[in-house]
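A.B. asks: The structure follows.
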Amino acid sequence: MPGNFDAIRDQQRDTWDRFSAGWKKWDELVLGWLAPFGDAMLRLAKLREDSHVLDVAAGTGEPGLTAAAMVPRGKVTVTDLSERMLAVAAENATRRGLTNFETKVCDAGALPFADASFDTVLCRFGFMFFPDVALAAREFGRVAKPGGRVCAAVWCGPDKNPWATTIMSTIARHVDMPTPPPGSPGLFRCAQAGMMRHAFEEAGLKDLREEDVSSMMTHASPETYWNFMTDIAAPVVAGLAKADAATQAKIRDEVLSLARQAMQDGKVRLRSTATVIVGTR
């Protein structure tokens, strides 16, 4: 596990700030694609009308935005490292007329909240980026009230997520991509069986439950898939930057060909699968 956590956080903050425009551009598509994972988390979280909810690493606001509509007498606080991503979340809340929604720029490993502050803590696809997974889990447990629920979603392995591997595996065939140190932040960093259960148990959470959830990433065309991934995925952009123009063109042609093979009913449909885990404080 890399030791320079501050450097990792600074790099991630810069990356998310730089890619915030792409996430805003594709926000509607992302909201629909990832909704099943957030819906499963909210179902397991068992929110009440007056629940006080924390959504960590929420990016452009989900599932916190949906939670806010479910807790009209409660409150939702969403956090992220990126102020620009949270600006999109705030815009989304205003557009939906949500007045019980606030944003806070902070680090998941050092949450600026008192012990036992929240009825529910959510984290959809954030753990894979945290420099220290165990520390973040302990922080989630710390700020959850006794009896409160902590719920997260993490991607399953590459074989269950062609939405990502269709392009990343193609890039890897043409570009020498350095192997990151074990435990480094990355898309499938939390996919190992039992990893999140262990982190939750070590954080003092109990009554753990896990379930796998799948969704289809749907695009109007192979070109739309390519444009989406090159707008929002930092590893894709970093990999392509290592290739010359001719190699980039070859990678694009191969990705478009693979995307065409995934077409059903005139649209590109690529499966995505994650594990949702919930525990009680």
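Order determines the names: the first chain of the structure tokens is A, the second B, and so forth; residues in each chain are numbered 1 upward, and ligands are numbered 1 upward as they are shown.
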Write out as a ChimeraX atom specification the residues lying within 8 Å of Ala274 of chain A, counting only C-alpha atoms and excluding same-chain residues fewer than 6 positions away.
C.D. replies: /A:37,153-156,212-214
A.B. asks: Please produce a file of the residues just selected, as a short mmCIF file (atom, residue, chain, number, x, y, z; two decimals), in the first residue's frame, where the atoms kept are C-alpha atoms.
C.D. replies:
data_model
loop_
_atom_site.label_atom_id
_atom_site.label_comp_id
_atom_site.auth_asym_id
_atom_site.auth_seq_id
_atom_site.Cartn_x
_atom_site.Cartn_y
_atom_site.Cartn_z
CA PHE A 37 -26.55 0.52 -7.57
CA ALA A 153 -20.97 -0.21 -3.52
CA VAL A 154 -17.71 -1.44 -5.06
CA TRP A 155 -17.06 -2.83 -8.53
CA CYS A 156 -16.76 -6.58 -8.97
CA ASP A 212 -24.33 -8.26 -6.31
CA VAL A 213 -26.17 -5.78 -8.51
CA SER A 214 -25.91 -5.40 -12.30
#
A.B. asks: Do a neighbour search on Thr275 of chain A at 12 Å with only C-alpha atoms, toss out local chain neighbours closer than 5 positions, and write the hits as a ChimeraX atom specification.
C.D. replies: /A:36-38,40-41,124-125,127,151-157,160-161,188,190-197,209-215
A.B. asks: Which neighbours of Leu135 of chain A fall inside 9 Å, counting only C-alpha atoms, when residues of the same chain fewer than 4 positions from it are skipped, and could you give them as a PyMOL selection string?
C.D. replies: chain A and resi 108-110+130-131+139-140+199+203
A.B. asks: Counting only C-alpha atoms, which of A:Asp253, A:Asp159, A:Glu223, A:Asp207 gets nearest to Ser272 of chain A?
C.D. replies: A:Asp159
A.B. asks: What does the distance between atom CA of Asp231 of chain A and atom CA of Ile251 of chain A come to in Å, to one decimal place?
C.D. replies: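 According to the coordinates, atom CA of Asp231 of chain A and atom CA of Ile251 of chain A are separated by 15.8 Å.
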A.B. asks: So, with only C-alpha atoms as the atoms that count, which of A:Ala245, A:Ile167, A:Val278, A:Val76 lies closest to Lys206 of chain A?
C.D. replies: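 Ranking A:Ala245, A:Ile167, A:Val278, A:Val76 by distance to Lys206 of chain A, first place goes to A:Val278.
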A.B. asks: Using DSSP on the backbone coordinates, identify all residues within segment 17-259 of chain A classified as helix (DSSP H, G or I); present the result as JSON, numbers by chain.
C.D. replies: {"A": [17, 18, 19, 20, 21, 22, 23, 24, 25, 27, 28, 29, 30, 31, 32, 33, 34, 35, 36, 37, 38, 39, 40, 41, 42, 43, 44, 45, 64, 65, 66, 67, 68, 69, 70, 83, 84, 85, 86, 87, 88, 89, 90, 91, 92, 93, 94, 95, 127, 128, 129, 133, 134, 135, 136, 137, 138, 139, 140, 141, 142, 143, 158, 159, 160, 162, 163, 164, 165, 166, 167, 168, 169, 170, 171, 172, 173, 174, 195, 196, 197, 198, 199, 200, 201, 202, 222, 223, 224, 225, 226, 227, 228, 229, 230, 231, 232, 234, 235, 236, 237, 238, 239, 240, 241, 245, 246, 247, 248, 249, 250, 251, 252, 253, 254, 255, 256, 257, 258, 259]}
A.B. asks: Given the choices A:Ala69, A:Val150, A:Val105, A:Ala58, which gets closest to Leu208 of chain A if the distance is worked out from only C-alpha atoms?
C.D. replies: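 The shortest atom-to-atom distance to Leu208 of chain A comes from A:Val150.
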A.B. asks: For segment 99-189 of chain A against segment 235-239 of chain A, with a cut-off of 7 Å and counting only C-alpha atoms, what is the closest atom pair and its distance in Å to one decimal for every residue that makes the cut, ordered by chain and number, as a Markdown table?
C.D. replies:
| residue | atom | partner | partner_atom | distance |
| --- | --- | --- | --- | --- |
| A:Met168 | CA | A:Val236 | CA | 6.4 |
| A:Ile171 | CA | A:Gly239 | CA | 6.4 |
| A:Val175 | CA | A:Gly239 | CA | 6.9 |
A.B. asks: Give me the residues within 12 Å of Val30 of chain A as number ranges by chain, counting only C-alpha atoms and dropping any in the same chain fewer than 3 places off.
C.D. replies: A: 22-27, 33-38, 59-63, 215-219, 225, 228-229, 232
A.B. asks: Using the selection just defined, write its residues with N, CA and C atoms as a short mmCIF file (atom, residue, chain, number, x, y, z; two decimals), in the first residue's frame.
C.D. replies:
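To be explicit, this is the file written out as selection_31.cif:
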data_model
loop_
_atom_site.label_atom_id
_atom_site.label_comp_id
_atom_site.auth_asym_id
_atom_site.auth_seq_id
_atom_site.Cartn_x
_atom_site.Cartn_y
_atom_site.Cartn_z
N GLY A 22 -16.37 16.94 -17.87
CA GLY A 22 -16.84 15.74 -18.56
C GLY A 22 -17.96 15.05 -17.81
N TRP A 23 -17.84 14.97 -16.48
CA TRP A 23 -18.89 14.35 -15.68
C TRP A 23 -20.18 15.17 -15.75
N LYS A 24 -20.06 16.48 -15.78
CA LYS A 24 -21.25 17.32 -15.91
C LYS A 24 -21.90 17.10 -17.27
N LYS A 25 -21.09 17.03 -18.31
CA LYS A 25 -21.59 16.82 -19.67
C LYS A 25 -22.39 15.52 -19.78
N TRP A 26 -21.91 14.47 -19.14
CA TRP A 26 -22.52 13.15 -19.26
C TRP A 26 -23.35 12.78 -18.04
N ASP A 27 -23.72 13.74 -17.23
CA ASP A 27 -24.36 13.47 -15.96
C ASP A 27 -25.66 12.68 -16.12
N TRP A 33 -27.34 5.11 -15.66
CA TRP A 33 -26.51 3.90 -15.64
C TRP A 33 -26.26 3.40 -14.21
N LEU A 34 -25.92 4.31 -13.31
CA LEU A 34 -25.55 3.93 -11.96
C LEU A 34 -26.74 3.86 -10.99
N ALA A 35 -27.92 4.27 -11.44
CA ALA A 35 -29.09 4.30 -10.55
C ALA A 35 -29.37 2.96 -9.87
N PRO A 36 -29.28 1.81 -10.56
CA PRO A 36 -29.58 0.55 -9.87
C PRO A 36 -28.69 0.29 -8.65
N PHE A 37 -27.45 0.74 -8.71
CA PHE A 37 -26.55 0.52 -7.57
C PHE A 37 -26.95 1.42 -6.40
N GLY A 38 -27.25 2.68 -6.69
CA GLY A 38 -27.71 3.57 -5.64
C GLY A 38 -29.04 3.14 -5.06
N GLY A 59 -19.33 12.88 -5.64
CA GLY A 59 -19.17 13.43 -6.98
C GLY A 59 -20.27 14.41 -7.33
N THR A 60 -21.04 14.10 -8.36
CA THR A 60 -22.11 15.00 -8.81
C THR A 60 -23.41 14.82 -8.02
N GLY A 61 -23.37 14.00 -6.94
CA GLY A 61 -24.49 14.05 -6.00
C GLY A 61 -25.28 12.80 -5.71
N GLU A 62 -25.09 11.75 -6.48
CA GLU A 62 -25.87 10.54 -6.22
C GLU A 62 -25.05 9.51 -5.46
N PRO A 63 -25.73 8.71 -4.61
CA PRO A 63 -27.18 8.62 -4.40
C PRO A 63 -27.75 9.61 -3.39
N SER A 215 -26.11 -3.65 -13.93
CA SER A 215 -26.76 -2.62 -14.72
C SER A 215 -26.16 -2.65 -16.11
N MET A 216 -26.87 -2.12 -17.08
CA MET A 216 -26.34 -1.99 -18.42
C MET A 216 -25.95 -0.54 -18.69
N MET A 217 -24.70 -0.34 -19.09
CA MET A 217 -24.33 0.96 -19.64
C MET A 217 -24.79 0.97 -21.09
N THR A 218 -25.63 1.93 -21.45
CA THR A 218 -26.23 1.96 -22.78
C THR A 218 -25.82 3.23 -23.52
N HIS A 219 -25.36 3.04 -24.76
CA HIS A 219 -24.96 4.17 -25.59
C HIS A 219 -25.66 4.08 -26.94
N TYR A 225 -19.94 5.73 -26.98
CA TYR A 225 -19.20 5.03 -25.92
C TYR A 225 -17.77 5.55 -25.85
N PHE A 228 -17.68 9.09 -24.46
CA PHE A 228 -17.98 9.09 -23.02
C PHE A 228 -16.76 8.68 -22.21
N MET A 229 -16.15 7.57 -22.57
CA MET A 229 -15.03 7.06 -21.79
C MET A 229 -13.82 7.98 -21.86
N ILE A 232 -14.62 11.03 -19.37
CA ILE A 232 -14.81 10.89 -17.91
C ILE A 232 -13.80 9.99 -17.21
#
A.B. asks: Could you go through segment 172-231 of chain A and tell me which residues DSSP, when run on the backbone, assigns to strand (DSSP E or B), listing them as a ChimeraX atom specification?
C.D. replies: /A:206-219
A.B. asks: The selected residues should be written to file as an mmCIF file, in the first residue's frame (atoms: N, CA, C and O atoms).
C.D. replies:
data_model
loop_
_atom_site.group_PDB
_atom_site.id
_atom_site.type_symbol
_atom_site.label_atom_id
_atom_site.label_comp_id
_atom_site.auth_asym_id
_atom_site.auth_seq_id
_atom_site.Cartn_x
_atom_site.Cartn_y
_atom_site.Cartn_z
ATOM 1 N N LYS A 206 -21.607 -4.533 12.187
ATOM 2 C CA LYS A 206 -22.122 -5.887 12.374
ATOM 3 C C LYS A 206 -23.331 -6.118 11.476
ATOM 4 O O LYS A 206 -23.764 -5.213 10.747
ATOM 5 N N ASP A 207 -23.884 -7.331 11.569
ATOM 6 C CA ASP A 207 -25.049 -7.706 10.752
ATOM 7 C C ASP A 207 -24.790 -7.399 9.280
ATOM 8 O O ASP A 207 -25.639 -6.818 8.586
ATOM 9 N N LEU A 208 -23.623 -7.777 8.798
ATOM 10 C CA LEU A 208 -23.229 -7.451 7.431
ATOM 11 C C LEU A 208 -24.036 -8.244 6.408
ATOM 12 O O LEU A 208 -24.346 -9.422 6.616
ATOM 13 N N ARG A 209 -24.339 -7.580 5.318
ATOM 14 C CA ARG A 209 -25.051 -8.233 4.221
ATOM 15 C C ARG A 209 -24.466 -7.743 2.909
ATOM 16 O O ARG A 209 -24.183 -6.553 2.754
ATOM 17 N N GLU A 210 -24.267 -8.650 1.963
ATOM 18 C CA GLU A 210 -23.732 -8.298 0.653
ATOM 19 C C GLU A 210 -24.643 -8.841 -0.443
ATOM 20 O O GLU A 210 -25.221 -9.923 -0.307
ATOM 21 N N GLU A 211 -24.747 -8.097 -1.527
ATOM 22 C CA GLU A 211 -25.452 -8.607 -2.695
ATOM 23 C C GLU A 211 -24.856 -7.982 -3.957
ATOM 24 O O GLU A 211 -24.397 -6.844 -3.941
ATOM 25 N N ASP A 212 -24.832 -8.764 -5.032
ATOM 26 C CA ASP A 212 -24.334 -8.263 -6.307
ATOM 27 C C ASP A 212 -25.481 -7.641 -7.099
ATOM 28 O O ASP A 212 -26.606 -8.165 -7.111
ATOM 29 N N VAL A 213 -25.188 -6.529 -7.736
ATOM 30 C CA VAL A 213 -26.175 -5.781 -8.515
ATOM 31 C C VAL A 213 -25.574 -5.505 -9.895
ATOM 32 O O VAL A 213 -24.384 -5.172 -10.003
ATOM 33 N N SER A 214 -26.381 -5.651 -10.932
ATOM 34 C CA SER A 214 -25.909 -5.399 -12.295
ATOM 35 C C SER A 214 -26.739 -4.321 -12.975
ATOM 36 O O SER A 214 -27.911 -4.110 -12.649
ATOM 37 N N SER A 215 -26.107 -3.652 -13.929
ATOM 38 C CA SER A 215 -26.763 -2.624 -14.724
ATOM 39 C C SER A 215 -26.155 -2.649 -16.114
ATOM 40 O O SER A 215 -25.035 -3.137 -16.296
ATOM 41 N N MET A 216 -26.868 -2.118 -17.076
ATOM 42 C CA MET A 216 -26.340 -1.990 -18.423
ATOM 43 C C MET A 216 -25.948 -0.538 -18.690
ATOM 44 O O MET A 216 -26.757 0.375 -18.501
ATOM 45 N N MET A 217 -24.704 -0.338 -19.092
ATOM 46 C CA MET A 217 -24.327 0.962 -19.639
ATOM 47 C C MET A 217 -24.794 0.969 -21.093
ATOM 48 O O MET A 217 -24.393 0.110 -21.880
ATOM 49 N N THR A 218 -25.630 1.930 -21.446
ATOM 50 C CA THR A 218 -26.232 1.962 -22.779
ATOM 51 C C THR A 218 -25.819 3.225 -23.515
ATOM 52 O O THR A 218 -25.917 4.335 -22.975
ATOM 53 N N HIS A 219 -25.360 3.043 -24.758
ATOM 54 C CA HIS A 219 -24.961 4.173 -25.591
ATOM 55 C C HIS A 219 -25.656 4.082 -26.941
ATOM 56 O O HIS A 219 -25.922 2.982 -27.449
#
A.B. asks: Using only C-alpha atoms for the distances, tell me which of A:Leu122, A:Gly64, A:Arg48, A:Ala114 is nearest to Val276 of chain A.
C.D. replies: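 Among the listed residues, the smallest separation from Val276 of chain A belongs to A:Leu122.
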